[in-house]
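Dropping run-v9.cif in here (mmCIF, N, CA and C atoms):
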```cif
data_entry
#
loop_
_atom_site.label_atom_id
_atom_site.label_comp_id
_atom_site.auth_asym_id
_atom_site.auth_seq_id
_atom_site.Cartn_x
_atom_site.Cartn_y
_atom_site.Cartn_z
N MET N 1304 119.00 -87.06 50.27
CA MET N 1304 119.66 -88.33 50.04
C MET N 1304 121.14 -88.26 50.39
N ALA N 1305 121.80 -87.15 50.04
CA ALA N 1305 123.22 -87.01 50.32
C ALA N 1305 123.48 -87.02 51.82
N ASP N 1306 122.61 -86.35 52.57
CA ASP N 1306 122.78 -86.33 54.03
C ASP N 1306 122.69 -87.74 54.60
N HIS N 1307 121.80 -88.55 54.07
CA HIS N 1307 121.66 -89.93 54.52
C HIS N 1307 122.95 -90.72 54.25
N ASP N 1308 123.50 -90.55 53.06
CA ASP N 1308 124.75 -91.23 52.71
C ASP N 1308 125.89 -90.78 53.61
N GLU N 1309 125.93 -89.48 53.89
CA GLU N 1309 126.97 -88.95 54.77
C GLU N 1309 126.82 -89.52 56.18
N ASP N 1310 125.59 -89.60 56.65
CA ASP N 1310 125.34 -90.17 57.99
C ASP N 1310 125.78 -91.63 58.05
N GLU N 1311 125.46 -92.39 57.01
CA GLU N 1311 125.87 -93.80 56.96
C GLU N 1311 127.38 -93.93 56.95
N THR N 1312 128.04 -93.08 56.18
CA THR N 1312 129.50 -93.10 56.12
C THR N 1312 130.09 -92.78 57.48
N MET N 1313 129.57 -91.77 58.13
CA MET N 1313 130.08 -91.38 59.45
C MET N 1313 129.85 -92.49 60.48
N GLN N 1314 128.70 -93.15 60.43
CA GLN N 1314 128.44 -94.26 61.35
C GLN N 1314 129.41 -95.41 61.10
N ALA N 1315 129.65 -95.71 59.84
CA ALA N 1315 130.58 -96.79 59.50
C ALA N 1315 131.99 -96.46 59.97
N LEU N 1316 132.41 -95.22 59.76
CA LEU N 1316 133.75 -94.81 60.20
C LEU N 1316 133.87 -94.85 61.72
N ALA N 1317 132.84 -94.42 62.41
CA ALA N 1317 132.85 -94.47 63.88
C ALA N 1317 132.99 -95.91 64.36
N HIS N 1318 132.30 -96.81 63.69
CA HIS N 1318 132.40 -98.23 64.07
C HIS N 1318 133.82 -98.75 63.86
N VAL N 1319 134.42 -98.41 62.74
CA VAL N 1319 135.78 -98.90 62.47
C VAL N 1319 136.78 -98.27 63.44
N ILE N 1320 136.59 -97.02 63.81
CA ILE N 1320 137.45 -96.40 64.82
C ILE N 1320 137.38 -97.22 66.10
N SER N 1321 136.18 -97.61 66.49
CA SER N 1321 135.99 -98.42 67.69
C SER N 1321 136.68 -99.78 67.57
N VAL N 1322 136.56 -100.41 66.41
CA VAL N 1322 137.20 -101.71 66.18
C VAL N 1322 138.72 -101.59 66.26
N VAL N 1323 139.27 -100.57 65.62
CA VAL N 1323 140.73 -100.40 65.63
C VAL N 1323 141.21 -100.06 67.04
N TYR N 1324 140.45 -99.26 67.76
CA TYR N 1324 140.82 -98.97 69.15
C TYR N 1324 140.83 -100.27 69.96
N SER N 1325 139.87 -101.14 69.74
CA SER N 1325 139.83 -102.43 70.44
C SER N 1325 141.07 -103.27 70.09
N LEU N 1326 141.50 -103.24 68.83
CA LEU N 1326 142.73 -103.94 68.45
C LEU N 1326 143.92 -103.39 69.21
N LEU N 1327 143.97 -102.07 69.35
CA LEU N 1327 145.05 -101.44 70.09
C LEU N 1327 145.03 -101.86 71.56
N VAL N 1328 143.85 -101.88 72.15
CA VAL N 1328 143.72 -102.30 73.55
C VAL N 1328 144.24 -103.72 73.72
N ASP N 1329 143.84 -104.61 72.83
CA ASP N 1329 144.28 -106.01 72.91
C ASP N 1329 145.78 -106.14 72.71
N ALA N 1330 146.33 -105.43 71.72
CA ALA N 1330 147.77 -105.49 71.47
C ALA N 1330 148.55 -104.95 72.66
N CYS N 1331 148.09 -103.85 73.22
CA CYS N 1331 148.79 -103.25 74.37
C CYS N 1331 148.77 -104.17 75.59
N ALA N 1332 147.72 -104.93 75.73
CA ALA N 1332 147.62 -105.87 76.85
C ALA N 1332 148.60 -107.03 76.68
N MET N 1333 148.99 -107.34 75.44
CA MET N 1333 149.91 -108.45 75.16
C MET N 1333 151.37 -108.02 75.10
N LEU N 1334 151.65 -106.73 75.18
CA LEU N 1334 153.03 -106.26 75.07
C LEU N 1334 153.90 -106.86 76.17
N PRO N 1335 155.22 -106.93 75.93
CA PRO N 1335 156.12 -107.46 76.97
C PRO N 1335 155.94 -106.72 78.30
N VAL N 1336 155.77 -105.42 78.23
CA VAL N 1336 155.39 -104.62 79.41
C VAL N 1336 154.00 -104.08 79.07
N PRO N 1337 152.96 -104.78 79.55
CA PRO N 1337 151.59 -104.42 79.16
C PRO N 1337 151.24 -102.97 79.47
N ILE N 1338 150.48 -102.39 78.57
CA ILE N 1338 149.95 -101.04 78.75
C ILE N 1338 148.44 -101.18 78.85
N GLY N 1339 147.90 -100.78 79.97
CA GLY N 1339 146.45 -100.83 80.14
C GLY N 1339 145.79 -99.59 79.57
N LEU N 1340 144.85 -99.80 78.67
CA LEU N 1340 144.10 -98.69 78.08
C LEU N 1340 142.64 -98.80 78.52
N PRO N 1341 141.97 -97.68 78.69
CA PRO N 1341 140.56 -97.76 79.06
C PRO N 1341 139.76 -98.47 77.98
N MET N 1342 138.92 -99.38 78.41
CA MET N 1342 138.09 -100.11 77.45
C MET N 1342 136.66 -100.07 77.93
N ASP N 1343 135.85 -99.46 77.14
CA ASP N 1343 134.43 -99.37 77.43
C ASP N 1343 133.75 -99.36 76.07
N ARG N 1344 132.61 -99.94 76.00
CA ARG N 1344 131.89 -100.02 74.72
C ARG N 1344 131.69 -98.63 74.11
N ASN N 1345 131.48 -97.65 74.93
CA ASN N 1345 131.25 -96.28 74.45
C ASN N 1345 132.25 -95.31 75.06
N ILE N 1346 133.54 -95.64 74.95
CA ILE N 1346 134.57 -94.78 75.54
C ILE N 1346 134.56 -93.42 74.84
N PRO N 1347 134.54 -92.35 75.63
CA PRO N 1347 134.56 -91.02 75.00
C PRO N 1347 135.94 -90.72 74.41
N VAL N 1348 135.95 -89.95 73.35
CA VAL N 1348 137.20 -89.58 72.69
C VAL N 1348 138.12 -88.87 73.67
N THR N 1349 137.55 -88.12 74.61
CA THR N 1349 138.37 -87.40 75.57
C THR N 1349 139.20 -88.34 76.44
N ASP N 1350 138.77 -89.59 76.58
CA ASP N 1350 139.55 -90.60 77.31
C ASP N 1350 140.43 -91.41 76.37
N ALA N 1351 139.94 -91.69 75.18
CA ALA N 1351 140.67 -92.54 74.24
C ALA N 1351 141.92 -91.85 73.71
N VAL N 1352 141.82 -90.59 73.32
CA VAL N 1352 142.96 -89.90 72.70
C VAL N 1352 144.17 -89.85 73.63
N PRO N 1353 144.03 -89.44 74.89
CA PRO N 1353 145.22 -89.44 75.76
C PRO N 1353 145.80 -90.84 75.96
N ALA N 1354 144.94 -91.85 76.00
CA ALA N 1354 145.41 -93.23 76.16
C ALA N 1354 146.21 -93.67 74.93
N ILE N 1355 145.73 -93.32 73.75
CA ILE N 1355 146.44 -93.67 72.51
C ILE N 1355 147.77 -92.93 72.46
N GLU N 1356 147.77 -91.66 72.84
CA GLU N 1356 149.01 -90.89 72.87
C GLU N 1356 150.01 -91.49 73.85
N ARG N 1357 149.53 -91.96 74.98
CA ARG N 1357 150.39 -92.60 75.98
C ARG N 1357 150.99 -93.88 75.42
N ALA N 1358 150.19 -94.69 74.75
CA ALA N 1358 150.71 -95.93 74.15
C ALA N 1358 151.77 -95.62 73.11
N ALA N 1359 151.55 -94.58 72.31
CA ALA N 1359 152.54 -94.19 71.30
C ALA N 1359 153.85 -93.75 71.97
N ALA N 1360 153.74 -92.99 73.04
CA ALA N 1360 154.94 -92.51 73.74
C ALA N 1360 155.72 -93.66 74.37
N LEU N 1361 155.02 -94.70 74.79
CA LEU N 1361 155.68 -95.83 75.45
C LEU N 1361 156.19 -96.90 74.48
N ALA N 1362 155.90 -96.74 73.21
CA ALA N 1362 156.30 -97.76 72.22
C ALA N 1362 157.80 -98.00 72.24
N LYS N 1363 158.59 -96.92 72.33
CA LYS N 1363 160.05 -97.07 72.29
C LYS N 1363 160.62 -97.73 73.54
N ASP N 1364 159.85 -97.77 74.60
CA ASP N 1364 160.31 -98.37 75.86
C ASP N 1364 160.02 -99.86 75.96
N GLN N 1365 159.36 -100.41 74.97
CA GLN N 1365 159.00 -101.82 75.00
C GLN N 1365 160.20 -102.68 74.60
N PRO N 1366 160.45 -103.77 75.34
CA PRO N 1366 161.56 -104.66 74.98
C PRO N 1366 161.18 -105.59 73.83
N MET N 1367 161.18 -105.01 72.63
CA MET N 1367 160.88 -105.78 71.43
C MET N 1367 161.62 -105.13 70.28
N GLY N 1368 161.57 -105.73 69.13
CA GLY N 1368 162.31 -105.24 67.97
C GLY N 1368 161.81 -103.91 67.45
N GLU N 1369 162.66 -103.30 66.62
CA GLU N 1369 162.30 -102.01 66.03
C GLU N 1369 161.05 -102.11 65.16
N THR N 1370 160.91 -103.21 64.46
CA THR N 1370 159.72 -103.39 63.61
C THR N 1370 158.46 -103.37 64.44
N GLN N 1371 158.47 -104.06 65.57
CA GLN N 1371 157.29 -104.12 66.42
C GLN N 1371 157.03 -102.77 67.09
N GLU N 1372 158.09 -102.07 67.49
CA GLU N 1372 157.92 -100.72 68.03
C GLU N 1372 157.26 -99.82 66.99
N ALA N 1373 157.74 -99.93 65.75
CA ALA N 1373 157.19 -99.12 64.67
C ALA N 1373 155.73 -99.47 64.41
N GLN N 1374 155.39 -100.75 64.47
CA GLN N 1374 154.00 -101.17 64.25
C GLN N 1374 153.08 -100.56 65.31
N LEU N 1375 153.53 -100.57 66.56
CA LEU N 1375 152.73 -99.96 67.62
C LEU N 1375 152.58 -98.47 67.38
N LEU N 1376 153.67 -97.81 67.06
CA LEU N 1376 153.63 -96.37 66.81
C LEU N 1376 152.75 -96.04 65.60
N VAL N 1377 152.90 -96.79 64.52
CA VAL N 1377 152.09 -96.57 63.32
C VAL N 1377 150.61 -96.77 63.64
N GLY N 1378 150.29 -97.82 64.38
CA GLY N 1378 148.90 -98.05 64.77
C GLY N 1378 148.33 -96.89 65.55
N CYS N 1379 149.10 -96.40 66.50
CA CYS N 1379 148.64 -95.28 67.33
C CYS N 1379 148.50 -93.99 66.53
N VAL N 1380 149.53 -93.66 65.75
CA VAL N 1380 149.53 -92.39 65.02
C VAL N 1380 148.43 -92.35 63.97
N HIS N 1381 148.24 -93.44 63.25
CA HIS N 1381 147.19 -93.46 62.24
C HIS N 1381 145.80 -93.45 62.88
N LEU N 1382 145.65 -94.09 64.02
CA LEU N 1382 144.37 -94.04 64.72
C LEU N 1382 144.08 -92.62 65.20
N LEU N 1383 145.08 -91.96 65.75
CA LEU N 1383 144.90 -90.56 66.17
C LEU N 1383 144.56 -89.66 64.98
N ALA N 1384 145.23 -89.87 63.86
CA ALA N 1384 144.94 -89.07 62.67
C ALA N 1384 143.51 -89.32 62.20
N ALA N 1385 143.08 -90.58 62.25
CA ALA N 1385 141.71 -90.90 61.84
C ALA N 1385 140.70 -90.21 62.75
N ILE N 1386 140.96 -90.21 64.04
CA ILE N 1386 140.04 -89.56 64.99
C ILE N 1386 139.98 -88.05 64.71
N ASP N 1387 141.13 -87.43 64.48
CA ASP N 1387 141.15 -85.99 64.19
C ASP N 1387 140.39 -85.69 62.89
N LEU N 1388 140.65 -86.48 61.86
CA LEU N 1388 139.97 -86.26 60.58
C LEU N 1388 138.47 -86.53 60.69
N TYR N 1389 138.11 -87.50 61.51
CA TYR N 1389 136.69 -87.79 61.73
C TYR N 1389 136.00 -86.57 62.35
N ALA N 1390 136.65 -85.95 63.32
CA ALA N 1390 136.08 -84.75 63.95
C ALA N 1390 135.91 -83.63 62.93
N LEU N 1391 136.89 -83.45 62.07
CA LEU N 1391 136.78 -82.44 61.02
C LEU N 1391 135.65 -82.78 60.05
N CYS N 1392 135.54 -84.06 59.74
CA CYS N 1392 134.51 -84.52 58.82
C CYS N 1392 133.11 -84.34 59.43
N ALA N 1393 133.02 -84.50 60.73
CA ALA N 1393 131.73 -84.30 61.41
C ALA N 1393 131.34 -82.83 61.37
N ALA N 1394 132.34 -81.95 61.42
CA ALA N 1394 132.05 -80.52 61.37
C ALA N 1394 131.69 -80.07 59.96
N ARG N 1395 132.39 -80.62 58.97
CA ARG N 1395 132.12 -80.28 57.57
C ARG N 1395 132.50 -81.49 56.72
N PHE N 1396 131.50 -82.24 56.35
CA PHE N 1396 131.73 -83.49 55.62
C PHE N 1396 132.26 -83.22 54.23
N THR N 1397 133.33 -83.94 53.89
CA THR N 1397 133.78 -84.02 52.50
C THR N 1397 134.14 -85.48 52.25
N ALA N 1398 133.88 -85.92 51.05
CA ALA N 1398 134.15 -87.32 50.71
C ALA N 1398 135.64 -87.64 50.81
N THR N 1399 136.48 -86.70 50.40
CA THR N 1399 137.92 -86.97 50.46
C THR N 1399 138.40 -87.07 51.90
N ARG N 1400 137.84 -86.27 52.77
CA ARG N 1400 138.21 -86.36 54.19
C ARG N 1400 137.74 -87.69 54.78
N ALA N 1401 136.54 -88.12 54.41
CA ALA N 1401 136.04 -89.41 54.86
C ALA N 1401 136.93 -90.54 54.35
N ASP N 1402 137.37 -90.42 53.10
CA ASP N 1402 138.31 -91.41 52.54
C ASP N 1402 139.61 -91.43 53.34
N ALA N 1403 140.08 -90.26 53.73
CA ALA N 1403 141.32 -90.16 54.51
C ALA N 1403 141.15 -90.84 55.87
N VAL N 1404 139.99 -90.69 56.48
CA VAL N 1404 139.72 -91.39 57.74
C VAL N 1404 139.85 -92.89 57.51
N GLY N 1405 139.20 -93.38 56.48
CA GLY N 1405 139.23 -94.80 56.17
C GLY N 1405 140.63 -95.32 55.89
N LEU N 1406 141.41 -94.57 55.14
CA LEU N 1406 142.78 -94.99 54.82
C LEU N 1406 143.66 -95.02 56.06
N ASN N 1407 143.52 -94.02 56.92
CA ASN N 1407 144.29 -94.02 58.17
C ASN N 1407 143.90 -95.22 59.03
N LEU N 1408 142.62 -95.52 59.07
CA LEU N 1408 142.18 -96.68 59.85
C LEU N 1408 142.71 -97.98 59.27
N ALA N 1409 142.76 -98.08 57.95
CA ALA N 1409 143.30 -99.29 57.32
C ALA N 1409 144.78 -99.47 57.66
N HIS N 1410 145.54 -98.39 57.64
CA HIS N 1410 146.97 -98.47 58.00
C HIS N 1410 147.14 -98.86 59.47
N ALA N 1411 146.33 -98.24 60.33
CA ALA N 1411 146.41 -98.57 61.76
C ALA N 1411 146.05 -100.02 62.01
N GLU N 1412 144.99 -100.48 61.38
CA GLU N 1412 144.53 -101.86 61.57
C GLU N 1412 145.59 -102.85 61.10
N GLU N 1413 146.16 -102.61 59.96
CA GLU N 1413 147.18 -103.52 59.42
C GLU N 1413 148.39 -103.60 60.35
N ALA N 1414 148.87 -102.46 60.81
CA ALA N 1414 150.02 -102.44 61.71
C ALA N 1414 149.72 -103.16 63.02
N LEU N 1415 148.54 -102.92 63.58
CA LEU N 1415 148.18 -103.55 64.86
C LEU N 1415 147.95 -105.05 64.71
N LYS N 1416 147.41 -105.48 63.59
CA LYS N 1416 147.23 -106.92 63.36
C LYS N 1416 148.58 -107.62 63.23
N ARG N 1417 149.52 -106.99 62.52
CA ARG N 1417 150.86 -107.58 62.39
C ARG N 1417 151.55 -107.64 63.76
N LEU N 1418 151.43 -106.58 64.53
CA LEU N 1418 152.01 -106.55 65.86
C LEU N 1418 151.37 -107.63 66.73
N SER N 1419 150.07 -107.74 66.70
CA SER N 1419 149.37 -108.74 67.52
C SER N 1419 149.79 -110.15 67.14
N ALA N 1420 149.93 -110.41 65.84
CA ALA N 1420 150.38 -111.74 65.41
C ALA N 1420 151.77 -112.04 65.96
N TRP N 1421 152.66 -111.06 65.88
CA TRP N 1421 154.02 -111.24 66.41
C TRP N 1421 153.97 -111.49 67.92
N LEU N 1422 153.14 -110.73 68.62
CA LEU N 1422 153.03 -110.89 70.08
C LEU N 1422 152.50 -112.27 70.45
N VAL N 1423 151.51 -112.77 69.72
CA VAL N 1423 150.96 -114.10 69.99
C VAL N 1423 152.02 -115.18 69.74
N ILE N 1424 152.71 -115.07 68.63
CA ILE N 1424 153.74 -116.07 68.30
C ILE N 1424 154.85 -116.05 69.33
N ASN N 1425 155.27 -114.87 69.75
CA ASN N 1425 156.39 -114.78 70.69
C ASN N 1425 156.00 -115.00 72.14
N ALA N 1426 154.72 -114.96 72.44
CA ALA N 1426 154.27 -115.27 73.80
C ALA N 1426 154.39 -116.75 74.07
N ALA N 1427 154.33 -117.56 73.01
CA ALA N 1427 154.43 -119.00 73.15
C ALA N 1427 155.85 -119.46 73.45
N ASP N 1428 156.83 -118.59 73.19
CA ASP N 1428 158.24 -118.97 73.40
C ASP N 1428 158.62 -119.04 74.85
#
```
Can you turn what I pasted into structure tokens?
Amino acid sequence: MADHDEDETMQALAHVISVVYSLLVDACAMLPVPIGLPMDRNIPVTDAVPAIERAAALAKDQPMGETQEAQLLVGCVHLLAAIDLYALCAARFTATRADAVGLNLAHAEEALKRLSAWLVINAAD
């Protein structure tokens, strides 16, 4: 029974990682200087991680406020942390590590949603 619960948790976390990555892709496409990230329904982590790292590195070069730069960086860093913790959790599942994946994803999602809202509002100007 525990293995089944662990499998369900891992599947749910994988889904949320995918959703947050999609938010990052959308936000990066709306940036003042758009950043194209690979988008595929089943993008391998080996492609996603370097793309996320690239977006984080380019955050400071975007012509936008410090808050928005920080939101992009926070979204990227927390998503990367979630991916790393997910890999550790896949190797040896612990509930606290799974919780950490979820918390990192929640922080990334919140930052990217705030950034996206700002980008939508300011695109209309």
Residues selected by the PyMOL selection byres ((chain N and resi 1381-1396) around 8), written as number ranges by chain: N: 1309, 1313, 1316-1317, 1320, 1323-1324, 1352, 1355-1356, 1375-1380, 1397-1401, 1403-1412
Just want the 7 Å neighbourhood of range 1421-1426 of chain N, counted on only N, CA and C atoms, with same-chain residues fewer than 3 positions away dropped. Output as a PDB file with N, CA and C atoms, keeping the file's coordinate frame.
```pdb
ATOM      1  N   MET N1333     148.990-107.340  75.440  1.00  0.00           N
ATOM      2  CA  MET N1333     149.910-108.450  75.160  1.00  0.00           C
ATOM      3  C   MET N1333     151.370-108.020  75.100  1.00  0.00           C
ATOM      4  N   LEU N1334     151.650-106.730  75.180  1.00  0.00           N
ATOM      5  CA  LEU N1334     153.030-106.260  75.070  1.00  0.00           C
ATOM      6  C   LEU N1334     153.900-106.860  76.170  1.00  0.00           C
ATOM      7  N   LYS N1416     147.410-105.480  63.590  1.00  0.00           N
ATOM      8  CA  LYS N1416     147.230-106.920  63.360  1.00  0.00           C
ATOM      9  C   LYS N1416     148.580-107.620  63.230  1.00  0.00           C
ATOM     10  N   ARG N1417     149.520-106.990  62.520  1.00  0.00           N
ATOM     11  CA  ARG N1417     150.860-107.580  62.390  1.00  0.00           C
ATOM     12  C   ARG N1417     151.550-107.640  63.760  1.00  0.00           C
ATOM     13  N   LEU N1418     151.430-106.580  64.530  1.00  0.00           N
ATOM     14  CA  LEU N1418     152.010-106.550  65.860  1.00  0.00           C
ATOM     15  C   LEU N1418     151.370-107.630  66.730  1.00  0.00           C
TER      16      LEU N1418
END
```
Using DSSP on the backbone coordinates, identify all residues within chain N classified as helix (DSSP H, G or I); present the result as a VMD selection string. chain N and resid 1305 to 1333 1348 to 1364 1369 to 1394 1398 to 1426
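Among the candidates N:Leu1327, N:Val1336, N:Gln1314, N:Ala1414, the one nearest to Pro1366 in chain N when counting only C-alpha atoms is N:Val1336.
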Rounded to one decimal, what separation in Å do you get between CA of Asp1329 in chain N and atom N of Gly1368 in chain N?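 Computing it gives 17.7 Å between the two atoms.
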Using the chain letters and numbers from this file, what does the PyMOL selection byres (((chain N and resi 1364 and name CA) around 12) and name CA) select? Give the answer as a PyMOL selection string. chain N and resi 1334-1338+1357-1363+1365-1369+1371-1373+1375-1376
Straight-line distance linking atom C of Ser1325 in chain N with CA of Met1342 in chain N, stated in Å to one decimal: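 Between atom C of Ser1325 in chain N and CA of Met1342 in chain N the gap is 8.5 Å.
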What separates CA of Cys1331 in chain N and CA of Ala1354 in chain N is a distance of 10.7 Å
Give me the box for range 1418-1424 of chain N as JSON, namely the centre and edge lengths in Å to one decimal of a box along x, y and z that holds every listed atom plus 3 Å on each side.
```
{"center_x": 152.1, "center_y": -111.3, "center_z": 67.5, "size_x": 11.5, "size_y": 15.5, "size_z": 11.9}
```
Incomplete range 1321-1344 of chain N brought to N, CA, C and O atoms, written out as a PDB file, in the coordinates of the input:
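rebuild_30.pdb was written with the following content:
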```
ATOM      1  N   SER N1321     136.180 -97.610  66.490  1.00  0.00           N
ATOM      2  CA  SER N1321     135.990 -98.420  67.690  1.00  0.00           C
ATOM      3  C   SER N1321     136.680 -99.780  67.570  1.00  0.00           C
ATOM      4  O   SER N1321     137.333-100.242  68.505  1.00  0.00           O
ATOM      5  N   VAL N1322     136.560-100.410  66.410  1.00  0.00           N
ATOM      6  CA  VAL N1322     137.200-101.710  66.180  1.00  0.00           C
ATOM      7  C   VAL N1322     138.720-101.590  66.260  1.00  0.00           C
ATOM      8  O   VAL N1322     139.384-102.403  66.912  1.00  0.00           O
ATOM      9  N   VAL N1323     139.270-100.570  65.620  1.00  0.00           N
ATOM     10  CA  VAL N1323     140.730-100.400  65.630  1.00  0.00           C
ATOM     11  C   VAL N1323     141.210-100.060  67.040  1.00  0.00           C
ATOM     12  O   VAL N1323     142.253-100.546  67.479  1.00  0.00           O
ATOM     13  N   TYR N1324     140.450 -99.260  67.760  1.00  0.00           N
ATOM     14  CA  TYR N1324     140.820 -98.970  69.150  1.00  0.00           C
ATOM     15  C   TYR N1324     140.830-100.270  69.960  1.00  0.00           C
ATOM     16  O   TYR N1324     141.738-100.495  70.770  1.00  0.00           O
ATOM     17  N   SER N1325     139.870-101.140  69.740  1.00  0.00           N
ATOM     18  CA  SER N1325     139.830-102.430  70.440  1.00  0.00           C
ATOM     19  C   SER N1325     141.070-103.270  70.090  1.00  0.00           C
ATOM     20  O   SER N1325     141.625-103.948  70.970  1.00  0.00           O
ATOM     21  N   LEU N1326     141.500-103.240  68.830  1.00  0.00           N
ATOM     22  CA  LEU N1326     142.730-103.940  68.450  1.00  0.00           C
ATOM     23  C   LEU N1326     143.920-103.390  69.210  1.00  0.00           C
ATOM     24  O   LEU N1326     144.794-104.138  69.656  1.00  0.00           O
ATOM     25  N   LEU N1327     143.970-102.070  69.350  1.00  0.00           N
ATOM     26  CA  LEU N1327     145.050-101.440  70.090  1.00  0.00           C
ATOM     27  C   LEU N1327     145.030-101.860  71.560  1.00  0.00           C
ATOM     28  O   LEU N1327     146.067-102.188  72.135  1.00  0.00           O
ATOM     29  N   VAL N1328     143.850-101.880  72.150  1.00  0.00           N
ATOM     30  CA  VAL N1328     143.720-102.300  73.550  1.00  0.00           C
ATOM     31  C   VAL N1328     144.240-103.720  73.720  1.00  0.00           C
ATOM     32  O   VAL N1328     145.021-104.005  74.642  1.00  0.00           O
ATOM     33  N   ASP N1329     143.840-104.610  72.830  1.00  0.00           N
ATOM     34  CA  ASP N1329     144.280-106.010  72.910  1.00  0.00           C
ATOM     35  C   ASP N1329     145.780-106.140  72.710  1.00  0.00           C
ATOM     36  O   ASP N1329     146.446-106.878  73.438  1.00  0.00           O
ATOM     37  N   ALA N1330     146.330-105.430  71.720  1.00  0.00           N
ATOM     38  CA  ALA N1330     147.770-105.490  71.470  1.00  0.00           C
ATOM     39  C   ALA N1330     148.550-104.950  72.660  1.00  0.00           C
ATOM     40  O   ALA N1330     149.549-105.556  73.084  1.00  0.00           O
ATOM     41  N   CYS N1331     148.090-103.850  73.220  1.00  0.00           N
ATOM     42  CA  CYS N1331     148.790-103.250  74.370  1.00  0.00           C
ATOM     43  C   CYS N1331     148.770-104.170  75.590  1.00  0.00           C
ATOM     44  O   CYS N1331     149.719-104.198  76.365  1.00  0.00           O
ATOM     45  N   ALA N1332     147.720-104.930  75.730  1.00  0.00           N
ATOM     46  CA  ALA N1332     147.620-105.870  76.850  1.00  0.00           C
ATOM     47  C   ALA N1332     148.600-107.030  76.680  1.00  0.00           C
ATOM     48  O   ALA N1332     149.011-107.647  77.675  1.00  0.00           O
ATOM     49  N   MET N1333     148.990-107.340  75.440  1.00  0.00           N
ATOM     50  CA  MET N1333     149.910-108.450  75.160  1.00  0.00           C
ATOM     51  C   MET N1333     151.370-108.020  75.100  1.00  0.00           C
ATOM     52  O   MET N1333     152.256-108.872  74.958  1.00  0.00           O
ATOM     53  N   LEU N1334     151.650-106.730  75.180  1.00  0.00           N
ATOM     54  CA  LEU N1334     153.030-106.260  75.070  1.00  0.00           C
ATOM     55  C   LEU N1334     153.900-106.860  76.170  1.00  0.00           C
ATOM     56  O   LEU N1334     153.399-107.224  77.243  1.00  0.00           O
ATOM     57  N   PRO N1335     155.220-106.930  75.930  1.00  0.00           N
ATOM     58  CA  PRO N1335     156.120-107.460  76.970  1.00  0.00           C
ATOM     59  C   PRO N1335     155.940-106.720  78.300  1.00  0.00           C
ATOM     60  O   PRO N1335     155.992-107.330  79.360  1.00  0.00           O
ATOM     61  N   VAL N1336     155.770-105.420  78.230  1.00  0.00           N
ATOM     62  CA  VAL N1336     155.390-104.620  79.410  1.00  0.00           C
ATOM     63  C   VAL N1336     154.000-104.080  79.070  1.00  0.00           C
ATOM     64  O   VAL N1336     153.867-103.088  78.362  1.00  0.00           O
ATOM     65  N   PRO N1337     152.960-104.780  79.550  1.00  0.00           N
ATOM     66  CA  PRO N1337     151.590-104.420  79.160  1.00  0.00           C
ATOM     67  C   PRO N1337     151.240-102.970  79.470  1.00  0.00           C
ATOM     68  O   PRO N1337     151.679-102.403  80.469  1.00  0.00           O
ATOM     69  N   ILE N1338     150.480-102.390  78.570  1.00  0.00           N
ATOM     70  CA  ILE N1338     149.950-101.040  78.750  1.00  0.00           C
ATOM     71  C   ILE N1338     148.440-101.180  78.850  1.00  0.00           C
ATOM     72  O   ILE N1338     147.801-101.672  77.916  1.00  0.00           O
ATOM     73  N   GLY N1339     147.900-100.780  79.970  1.00  0.00           N
ATOM     74  CA  GLY N1339     146.450-100.830  80.140  1.00  0.00           C
ATOM     75  C   GLY N1339     145.790 -99.590  79.570  1.00  0.00           C
ATOM     76  O   GLY N1339     146.161 -98.475  79.915  1.00  0.00           O
ATOM     77  N   LEU N1340     144.850 -99.800  78.670  1.00  0.00           N
ATOM     78  CA  LEU N1340     144.100 -98.690  78.080  1.00  0.00           C
ATOM     79  C   LEU N1340     142.640 -98.800  78.520  1.00  0.00           C
ATOM     80  O   LEU N1340     142.144 -99.912  78.698  1.00  0.00           O
ATOM     81  N   PRO N1341     141.970 -97.680  78.690  1.00  0.00           N
ATOM     82  CA  PRO N1341     140.560 -97.760  79.060  1.00  0.00           C
ATOM     83  C   PRO N1341     139.760 -98.470  77.980  1.00  0.00           C
ATOM     84  O   PRO N1341     139.962 -98.233  76.800  1.00  0.00           O
ATOM     85  N   MET N1342     138.920 -99.380  78.410  1.00  0.00           N
ATOM     86  CA  MET N1342     138.090-100.110  77.450  1.00  0.00           C
ATOM     87  C   MET N1342     136.660-100.070  77.930  1.00  0.00           C
ATOM     88  O   MET N1342     136.338-100.548  79.010  1.00  0.00           O
ATOM     89  N   ASP N1343     135.850 -99.460  77.140  1.00  0.00           N
ATOM     90  CA  ASP N1343     134.430 -99.370  77.430  1.00  0.00           C
ATOM     91  C   ASP N1343     133.750 -99.360  76.070  1.00  0.00           C
ATOM     92  O   ASP N1343     134.288 -98.848  75.097  1.00  0.00           O
ATOM     93  N   ARG N1344     132.610 -99.940  76.000  1.00  0.00           N
ATOM     94  CA  ARG N1344     131.890-100.020  74.720  1.00  0.00           C
ATOM     95  C   ARG N1344     131.690 -98.630  74.110  1.00  0.00           C
ATOM     96  O   ARG N1344     131.742 -98.465  72.905  1.00  0.00           O
TER      97      ARG N1344
END
```
